[in-house]
file my_file29.txt (compact mmCIF, C-alpha atoms and all ligand atoms)
# COMPACT_ATOMS: atom_id res chain seq x y z
CA MET A 1219 -1.01 71.95 -47.18
CA ASP A 1220 -1.31 68.13 -46.94
CA GLN A 1221 -3.72 66.46 -49.32
CA ILE A 1222 -6.28 64.22 -47.52
CA ASN A 1223 -7.13 61.01 -49.33
CA PRO A 1224 -10.99 61.04 -49.42
CA GLU A 1225 -11.06 57.20 -49.17
CA LEU A 1226 -8.99 57.26 -45.95
CA GLU A 1227 -11.14 60.07 -44.60
CA SER A 1228 -14.32 58.01 -45.06
CA ILE A 1229 -12.69 54.91 -43.45
CA ASN A 1230 -11.65 57.05 -40.46
CA SER A 1231 -15.08 58.54 -40.01
CA LEU A 1232 -16.62 55.03 -40.30
CA GLN A 1233 -14.28 53.79 -37.54
CA ILE A 1234 -15.13 56.77 -35.32
CA THR A 1235 -18.90 56.25 -35.84
CA THR A 1236 -18.55 52.50 -35.09
CA LYS A 1237 -16.60 53.27 -31.89
CA ILE A 1238 -19.23 55.78 -30.74
CA ASN A 1239 -22.05 53.30 -31.50
CA ASN A 1240 -20.25 50.52 -29.59
CA GLU A 1241 -19.78 52.82 -26.60
CA LYS A 1242 -23.47 53.82 -26.74
CA ALA A 1243 -24.48 50.14 -26.92
CA LEU A 1244 -22.26 49.30 -23.94
CA LYS A 1245 -23.78 52.17 -21.96
CA LYS A 1246 -27.30 50.99 -22.85
CA MET A 1247 -26.56 47.29 -22.10
CA PRO A 1248 -28.07 46.67 -18.68
CA SER A 1249 -25.64 45.31 -16.10
CA ARG A 1250 -26.22 41.76 -14.88
CA THR A 1251 -24.89 42.58 -11.41
CA ALA A 1252 -25.46 45.36 -8.90
CA GLN A 1253 -23.25 48.41 -9.44
CA ILE A 1254 -20.97 49.35 -6.54
CA ARG A 1255 -21.54 53.06 -7.27
CA LEU A 1256 -25.31 52.56 -6.81
CA MET A 1257 -25.00 50.58 -3.57
CA SER A 1258 -26.31 52.18 -0.41
CA SER A 1259 -24.30 51.68 2.77
CA HIS A 1260 -24.20 52.11 6.52
CA GLU A 1261 -21.32 51.55 8.93
CA GLU A 1262 -23.37 48.89 10.77
CA VAL A 1263 -24.21 46.98 7.56
CA TYR A 1264 -21.93 44.48 5.77
CA GLU A 1265 -20.43 45.96 2.61
CA PRO A 1266 -20.06 43.64 -0.40
CA CYS A 1267 -16.79 41.81 0.00
CA ASP A 1268 -14.89 38.86 -1.56
CA ASP A 1269 -17.52 36.40 -0.30
CA SER A 1270 -20.41 38.47 -1.74
CA PHE A 1271 -18.57 38.74 -5.09
CA ALA A 1272 -17.86 34.99 -5.10
CA LEU A 1273 -21.54 34.22 -4.49
CA VAL A 1274 -22.65 36.53 -7.31
CA ASP A 1275 -19.95 35.06 -9.59
CA ALA A 1276 -21.35 31.60 -8.81
CA LEU A 1277 -24.84 32.78 -9.76
CA LEU A 1278 -23.44 34.28 -12.98
CA ALA A 1279 -21.59 31.04 -13.73
CA ASP A 1280 -24.85 29.15 -13.25
CA CYS A 1281 -27.01 31.81 -14.91
CA ASN A 1282 -28.03 29.73 -17.94
CA ASN A 1283 -29.21 26.92 -15.67
CA LEU A 1284 -31.03 29.45 -13.49
CA LEU A 1285 -32.83 30.89 -16.49
CA LYS A 1286 -33.86 27.42 -17.70
CA HIS A 1287 -34.96 26.63 -14.14
CA CYS A 1288 -37.64 29.40 -14.43
CA PRO A 1289 -37.86 30.16 -10.69
CA THR A 1290 -40.99 31.97 -9.54
CA LEU A 1291 -39.79 32.73 -6.00
CA CYS A 1292 -36.20 33.51 -4.99
CA MET A 1293 -35.03 34.32 -1.49
CA GLU A 1294 -31.92 35.62 0.22
CA ILE A 1295 -31.30 34.95 3.91
CA GLY A 1296 -29.07 37.68 5.38
CA CYS A 1297 -29.16 40.28 2.58
CA GLY A 1298 -26.77 42.83 4.16
CA SER A 1299 -26.55 45.79 1.79
CA GLY A 1300 -28.46 44.00 -0.97
CA TYR A 1301 -25.65 43.27 -3.44
CA VAL A 1302 -26.57 39.60 -3.96
CA ILE A 1303 -30.38 39.79 -4.17
CA THR A 1304 -30.13 42.87 -6.43
CA SER A 1305 -27.71 41.06 -8.73
CA LEU A 1306 -29.93 37.99 -8.87
CA ALA A 1307 -32.95 40.16 -9.73
CA LEU A 1308 -30.97 41.91 -12.49
CA MET A 1309 -29.73 38.59 -13.91
CA LEU A 1310 -33.16 36.97 -14.08
CA GLY A 1311 -34.98 40.20 -14.92
CA GLN A 1312 -33.05 40.61 -18.18
CA GLU A 1313 -34.73 37.57 -19.63
CA GLY A 1314 -38.15 38.91 -18.69
CA LEU A 1315 -38.88 36.13 -16.20
CA ALA A 1316 -41.67 36.99 -13.75
CA VAL A 1317 -39.94 36.27 -10.46
CA ASN A 1318 -40.83 37.33 -6.93
CA TYR A 1319 -38.04 38.05 -4.47
CA ILE A 1320 -37.91 37.93 -0.68
CA ALA A 1321 -34.92 38.89 1.45
CA THR A 1322 -34.47 38.74 5.20
CA ASP A 1323 -31.92 40.09 7.62
CA ILE A 1324 -31.76 40.17 11.39
CA ASN A 1325 -30.24 43.67 11.22
CA PRO A 1326 -32.96 46.33 10.60
CA LEU A 1327 -30.37 48.69 9.11
CA ALA A 1328 -29.49 46.03 6.51
CA ILE A 1329 -33.10 45.93 5.39
CA ARG A 1330 -33.12 49.72 5.01
CA VAL A 1331 -29.87 49.71 3.03
CA THR A 1332 -31.06 46.82 0.82
CA ARG A 1333 -34.26 48.75 0.03
CA GLU A 1334 -32.18 51.77 -1.08
CA THR A 1335 -29.83 49.58 -3.13
CA MET A 1336 -32.71 47.83 -4.89
CA ASP A 1337 -34.52 51.11 -5.58
CA ALA A 1338 -31.33 52.54 -7.11
CA HIS A 1339 -31.22 49.57 -9.51
CA GLY A 1340 -34.94 49.60 -10.32
CA VAL A 1341 -35.63 46.16 -8.84
CA ASP A 1342 -37.90 45.11 -6.00
CA ALA A 1343 -38.24 42.50 -3.25
CA GLU A 1344 -40.26 41.90 -0.14
CA LEU A 1345 -37.78 42.78 2.63
CA ILE A 1346 -38.28 41.42 6.12
CA ILE A 1347 -36.45 41.96 9.40
CA THR A 1348 -36.34 38.53 10.97
CA ASP A 1349 -34.15 35.78 12.34
CA ILE A 1350 -33.45 33.59 9.28
CA ALA A 1351 -37.08 33.09 8.14
CA SER A 1352 -39.00 33.24 11.40
CA GLY A 1353 -42.66 34.00 10.82
CA LEU A 1354 -42.38 33.12 7.13
CA GLU A 1355 -41.98 29.36 7.23
CA LYS A 1356 -45.68 28.50 7.16
CA ARG A 1357 -46.37 30.86 4.26
CA LEU A 1358 -43.32 29.87 2.22
CA ALA A 1359 -43.00 26.15 3.02
CA GLY A 1360 -42.11 24.19 -0.11
CA SER A 1361 -42.44 27.18 -2.41
CA VAL A 1362 -39.01 28.81 -2.77
CA ASP A 1363 -37.22 27.83 -5.98
CA VAL A 1364 -33.86 29.48 -5.23
CA ILE A 1365 -32.31 30.40 -1.88
CA VAL A 1366 -29.00 32.27 -1.68
CA VAL A 1367 -27.05 32.65 1.55
CA ASN A 1368 -23.77 34.25 2.53
CA PRO A 1369 -24.05 33.47 6.23
CA PRO A 1370 -21.98 34.66 9.16
CA TYR A 1371 -19.35 31.90 8.87
CA VAL A 1372 -16.32 33.13 10.81
CA PRO A 1373 -15.42 30.95 13.81
CA THR A 1374 -15.91 33.09 16.93
CA PRO A 1375 -16.72 32.60 20.60
CA GLU A 1376 -20.33 31.45 20.87
CA ASP A 1377 -21.35 34.52 22.88
CA GLU A 1378 -20.62 36.79 19.87
CA VAL A 1379 -23.35 35.12 17.80
CA GLY A 1380 -26.60 37.05 17.59
CA VAL A 1381 -25.35 40.21 19.32
CA GLY A 1382 -26.70 42.21 16.37
CA GLY A 1383 -25.30 45.11 14.31
CA ILE A 1384 -22.28 44.53 12.13
CA THR A 1385 -21.04 41.68 14.40
CA ALA A 1386 -23.97 39.57 13.19
CA SER A 1387 -22.40 39.74 9.72
CA TRP A 1388 -19.51 37.49 10.56
CA ALA A 1389 -19.90 35.96 14.03
CA GLY A 1390 -20.48 32.27 13.34
CA GLY A 1391 -19.72 30.65 16.71
CA GLU A 1392 -17.95 27.31 16.98
CA ASN A 1393 -16.43 26.35 13.60
CA GLY A 1394 -18.51 29.21 12.18
CA ARG A 1395 -21.45 26.82 12.12
CA SER A 1396 -23.95 28.22 14.66
CA VAL A 1397 -26.07 30.19 12.18
CA ILE A 1398 -25.37 27.87 9.22
CA ASP A 1399 -26.68 24.87 11.17
CA ARG A 1400 -29.90 26.75 11.91
CA ILE A 1401 -30.29 27.86 8.28
CA LEU A 1402 -29.97 24.37 6.69
CA PRO A 1403 -33.18 22.78 8.08
CA VAL A 1404 -35.09 26.00 7.37
CA ALA A 1405 -33.87 26.01 3.78
CA ASP A 1406 -34.96 22.38 3.44
CA ARG A 1407 -38.48 23.27 4.60
CA LEU A 1408 -38.75 26.35 2.37
CA LEU A 1409 -37.34 24.90 -0.86
CA SER A 1410 -39.78 23.69 -3.49
CA GLU A 1411 -39.44 20.25 -5.09
CA LYS A 1412 -37.17 21.78 -7.72
CA GLY A 1413 -35.51 24.14 -5.22
CA TRP A 1414 -31.83 25.07 -5.31
CA LEU A 1415 -29.71 26.46 -2.47
CA TYR A 1416 -26.47 28.37 -3.03
CA MET A 1417 -24.39 28.85 0.11
CA VAL A 1418 -21.01 30.40 0.93
CA THR A 1419 -18.83 28.27 3.20
CA LEU A 1420 -15.35 28.49 4.60
CA ILE A 1421 -13.02 25.47 4.96
CA ALA A 1422 -13.24 25.94 8.75
CA ASN A 1423 -17.01 25.30 8.49
CA ASN A 1424 -16.27 21.73 7.37
CA PRO A 1425 -18.25 21.89 4.11
CA SER A 1426 -18.16 18.12 3.62
CA GLU A 1427 -20.08 17.73 6.89
CA ILE A 1428 -22.62 20.29 5.65
CA CYS A 1429 -22.98 18.31 2.41
CA LEU A 1430 -23.42 15.11 4.35
CA TYR A 1431 -26.18 16.69 6.45
CA MET A 1432 -27.93 17.88 3.29
CA ARG A 1433 -27.37 14.50 1.63
CA GLU A 1434 -29.25 12.88 4.48
CA LYS A 1435 -32.10 15.26 3.66
CA GLY A 1436 -31.96 14.11 0.02
CA TYR A 1437 -29.78 16.78 -1.59
CA ALA A 1438 -26.88 16.40 -3.99
CA SER A 1439 -24.27 19.15 -4.05
CA ARG A 1440 -21.44 20.58 -6.06
CA ILE A 1441 -18.92 23.40 -5.76
CA VAL A 1442 -19.83 26.16 -8.19
CA ILE A 1443 -16.87 28.37 -7.28
CA GLN A 1444 -13.83 27.88 -5.11
CA ARG A 1445 -11.82 30.97 -4.25
CA SER A 1446 -8.83 31.45 -2.01
CA THR A 1447 -7.62 34.77 -0.68
CA GLU A 1448 -4.74 35.38 1.74
CA GLU A 1449 -7.17 35.17 4.63
CA GLU A 1450 -9.68 32.51 3.65
CA SER A 1451 -10.65 29.73 1.29
CA LEU A 1452 -14.27 30.00 0.19
CA HIS A 1453 -16.55 27.53 -1.53
CA ILE A 1454 -19.87 28.40 -3.04
CA ILE A 1455 -21.87 25.20 -2.86
CA LYS A 1456 -25.07 24.48 -4.73
CA PHE A 1457 -27.58 21.97 -3.33
CA TRP A 1458 -30.52 20.40 -5.13
CA ARG A 1459 -32.90 17.58 -4.36
CA ASP A 1460 -31.84 14.29 -5.88
CA LEU A 1461 -34.34 11.46 -6.19
CA ASP A 1462 -31.57 8.82 -6.25
CA ILE A 1463 -30.25 10.03 -2.91
CA GLU A 1464 -33.77 10.19 -1.43
CA GLY A 1465 -34.24 6.57 -2.53
CA ASP A 1466 -30.92 5.57 -0.96
CA ASN A 1467 -31.86 7.33 2.29
CA GLU A 1468 -35.26 5.59 2.40
CA LYS A 1469 -33.56 2.22 1.92
CA ALA A 1470 -31.04 3.06 4.64
CA SER A 1471 -33.73 4.12 7.12
CA ALA A 1472 -35.83 1.00 6.33
CA ASP A 1473 -32.74 -0.97 7.28
CA LYS A 1474 -31.63 0.82 10.44
CA SER A 1475 -29.23 -1.99 11.03
CA ALA A 1476 -25.47 -2.15 11.01
CA PRO A 1477 -24.93 -1.73 7.21
CA GLY A 1478 -26.83 1.60 7.27
CA ARG A 1479 -24.75 2.85 10.14
CA LEU A 1480 -21.61 1.56 8.42
CA MET A 1481 -22.50 3.59 5.30
CA GLU A 1482 -22.83 6.72 7.42
CA TYR A 1483 -19.48 5.96 9.02
CA VAL A 1484 -17.81 5.49 5.62
CA LEU A 1485 -19.17 8.81 4.35
CA THR A 1486 -17.80 10.71 7.33
CA GLN A 1487 -14.39 9.13 6.71
CA LEU A 1488 -14.24 10.29 3.08
CA PRO A 1489 -11.95 13.19 2.31
CA PRO A 1490 -13.90 16.43 1.88
CA PHE A 1491 -16.07 16.73 -1.24
CA THR A 1492 -15.43 13.27 -2.69
CA PHE A 1493 -19.12 12.44 -2.80
CA TRP A 1494 -20.14 15.59 -4.62
CA ARG A 1495 -21.98 15.00 -7.86
CA CYS A 1496 -20.59 15.97 -11.23
CA SER A 1497 -22.25 19.08 -12.63
CA ASP A 1498 -22.03 18.11 -16.32
CA ARG A 1499 -23.94 14.91 -15.81
CA ASP A 1500 -26.85 16.57 -14.08
CA ASN A 1501 -26.84 19.95 -15.74
CA LYS A 1502 -27.13 21.28 -12.18
C1 LIG B 1601 -21.68 37.92 5.58
S1 LIG B 1601 -23.03 39.03 5.65
C2 LIG B 1601 -23.61 38.87 3.98
C3 LIG B 1601 -24.39 40.08 3.49
C4 LIG B 1601 -24.78 40.00 2.03
N1 LIG B 1601 -25.61 38.88 1.76
C5 LIG B 1601 -23.55 39.93 1.14
O1 LIG B 1601 -23.22 38.83 0.65
O2 LIG B 1601 -22.89 40.97 0.94
C6 LIG B 1601 -24.24 38.11 6.59
C7 LIG B 1601 -25.57 38.80 6.76
O3 LIG B 1601 -26.43 37.92 7.48
C8 LIG B 1601 -27.16 38.65 8.45
N2 LIG B 1601 -27.53 37.71 9.52
C9 LIG B 1601 -26.77 37.21 10.51
N3 LIG B 1601 -27.46 36.38 11.29
C10 LIG B 1601 -28.72 36.34 10.77
C11 LIG B 1601 -29.92 35.67 11.12
N4 LIG B 1601 -29.96 34.86 12.18
N5 LIG B 1601 -31.03 35.87 10.38
C12 LIG B 1601 -31.00 36.71 9.31
N6 LIG B 1601 -29.90 37.37 8.93
C13 LIG B 1601 -28.77 37.20 9.64
C14 LIG B 1601 -26.20 39.73 8.89
O4 LIG B 1601 -26.87 40.82 9.51
C15 LIG B 1601 -25.52 40.09 7.56
O5 LIG B 1601 -26.22 41.11 6.91

call {"tool": "encode", "arguments": {"input": "my_file29.txt", "output": "structure tokens", "more": "lines below"}}
Ligand SMILES: C[S@@+](CC[C@H](N)C(=O)[O-])C[C@H]1O[C@@H](n2cnc3c(N)ncnc32)[C@H](O)[C@@H]1O
result
Amino acid sequence: MDQINPELESINSLQITTKINNEKALKKMPSRTAQIRLMSSHEEVYEPCDDSFALVDALLADCNNLLKHCPTLCMEIGCGSGYVITSLALMLGQEGLAVNYIATDINPLAIRVTRETMDAHGVDAELIITDIASGLEKRLAGSVDVIVVNPPYVPTPEDEVGVGGITASWAGGENGRSVIDRILPVADRLLSEKGWLYMVTLIANNPSEICLYMREKGYASRIVIQRSTEEESLHIIKFWRDLDIEGDNEKASADKSAPGRLMEYVLTQLPPFTFWRCSDRDNK
């Protein structure tokens, strides 16, 4: 019979115990994103896809800033099956921040599925069936610290927009901008002074034009994540209010003369994204 070296035996058993403890720790470590196996679903509700994952990855990439930001109210417009709002709640919940969440969707089935997804993950939000934020604007004006949106951005014939069901998940009308262009002014009204907006856009949506629109409202922007698949090239853009830009806009509107208009003209001629602010400088 082979002799077993008692020293080796104790090293082996130490390694096995360490491995088991590590596995236990990993199992106990709460996930920072929603788990696909715990997601509820319905054939008429958008399932998490590349765009949903890119948005959550952008939130994860910006998680430290989000935690320092200490938001008290976060909102998702168009929650689908709840992957994004659930992930955001898990990310911020881990640090024990007291945050309230609101999510809307025009599709009643999406609200039901999001409720089930959130329950399965032990997180909660006020869930509302509505068109963007209709009926909520007065109550929430200037009080939302973080808004996340993965809008219907696919260019489609205009008559496909707003037909409801699963079509509402992607049908974005001309340049995929019909719903996006209605969301932007609403987001501006809902965001607090320190509010941040994270939005998924497609190249076909002309993101630089979106940034220019938001710039005129006083927001700086940056790409948090850029991701290309065979079918599409996605950008997750973050917007935040910038006092320098607000000052510039005030000066420009005080002087509604030719130089102001020239400035606008120059901006529209810039290649996409060249006026985006650098993230490191702003810690945004
Ligand atoms: C691309 S899906 C994104 C779903 C989910 N946020 C995700 O990332 O997996 C877009 C969602 O927006 C919803 N939606 C479309 N138009 C809307 C509107 N006018 N108001 C509110 N929600 C809308 C759709 O029903 C759909 O659930």

call {"tool": "closest_residue", "arguments": {"input": "my_file29.txt", "among": "A:Ser1396, A:Ser1270, A:Thr1332, A:Asn1282", "to": "His1453 (chain A)", "atoms": "only C-alpha atoms"}}
result
A:Ser1270

call {"tool": "residues_near_ligand", "arguments": {"input": "my_file29.txt", "ligand": "ligand LIG 1601 (chain B)", "cutoff": "9 Å", "atoms": "all atoms listed in the file", "output": "ChimeraX atom specification"}}
result
/A:1262-1274,1294-1303,1322-1329,1347-1352,1366-1372,1379-1380,1382-1390,1397-1398,1400-1401,1418

call {"tool": "atom_distance", "arguments": {"input": "my_file29.txt", "atom1": "CA of Leu1354 (chain A)", "atom2": "CA of Met1293 (chain A)"}}
result
11.4 Å

call {"tool": "atom_distance", "arguments": {"input": "my_file29.txt", "atom1": "CA of Ala1321 (chain A)", "atom2": "CA of Cys1292 (chain A)"}}
result
8.5 Å

call {"tool": "atom_distance", "arguments": {"input": "my_file29.txt", "atom1": "CA of Leu1409 (chain A)", "atom2": "CA of Asp1363 (chain A)"}}
result
5.9 Å

call {"tool": "residues_near_point", "arguments": {"input": "my_file29.txt", "point": "(-14.1, 29.2, 12.6)", "cutoff": "8 Å", "atoms": "all atoms listed in the file", "output": "list of chain:residue names"}}
result
A:Tyr1371, A:Val1372, A:Pro1373, A:Thr1374, A:Gly1390, A:Gly1391, A:Glu1392, A:Asn1393, A:Gly1394, A:Arg1395, A:Ala1422, A:Asn1423

call {"tool": "residues_around", "arguments": {"input": "my_file29.txt", "residues": "Cys1288 (chain A)", "least_positions_apart": "2", "cutoff": "12 Å", "atoms": "only C-alpha atoms", "output": "JSON, numbers by chain"}}
result
{"A": [1281, 1282, 1283, 1284, 1285, 1286, 1290, 1291, 1292, 1310, 1311, 1313, 1314, 1315, 1316, 1317, 1318, 1362, 1363, 1364, 1412, 1413, 1414]}

call {"tool": "closest_residue", "arguments": {"input": "my_file29.txt", "among": "A:Arg1357, A:His1260, A:Arg1333, A:Arg1250", "to": "Leu1277 (chain A)", "atoms": "all atoms listed in the file"}}
result
A:Arg1250

call {"tool": "axis_aligned_box", "arguments": {"input": "my_file29.txt", "around": "region 1420-1428 of chain A", "padding_each_side": "4 Å", "output": "lines of an AutoDock Vina configuration file"}}
result
center_x = -17.8
center_y = 23.1
center_z = 6.2
size_x = 17.6
size_y = 18.8
size_z = 13.1

call {"tool": "residues_around", "arguments": {"input": "my_file29.txt", "residues": "Met1432 (chain A)", "least_positions_apart": "6", "cutoff": "8 Å", "atoms": "only C-alpha atoms", "output": "MDAnalysis selection string"}}
result
chainID A and resid 1402 1438 1457

call {"tool": "closest_residue", "arguments": {"input": "my_file29.txt", "among": "A:Leu1358, A:Gln1312, A:Ile1443, A:Ile1428", "to": "Ala1279 (chain A)", "atoms": "only C-alpha atoms"}}
result
A:Ile1443

call {"tool": "closest_residue", "arguments": {"input": "my_file29.txt", "among": "A:Glu1344, A:Glu1355, A:Glu1449, A:Glu1434", "to": "Ala1405 (chain A)", "atoms": "all atoms listed in the file"}}
result
A:Glu1355

call {"tool": "closest_residue", "arguments": {"input": "my_file29.txt", "among": "A:Arg1255, A:Leu1452, A:Leu1408, A:Arg1445", "to": "Pro1425 (chain A)", "atoms": "only C-alpha atoms"}}
result
A:Leu1452
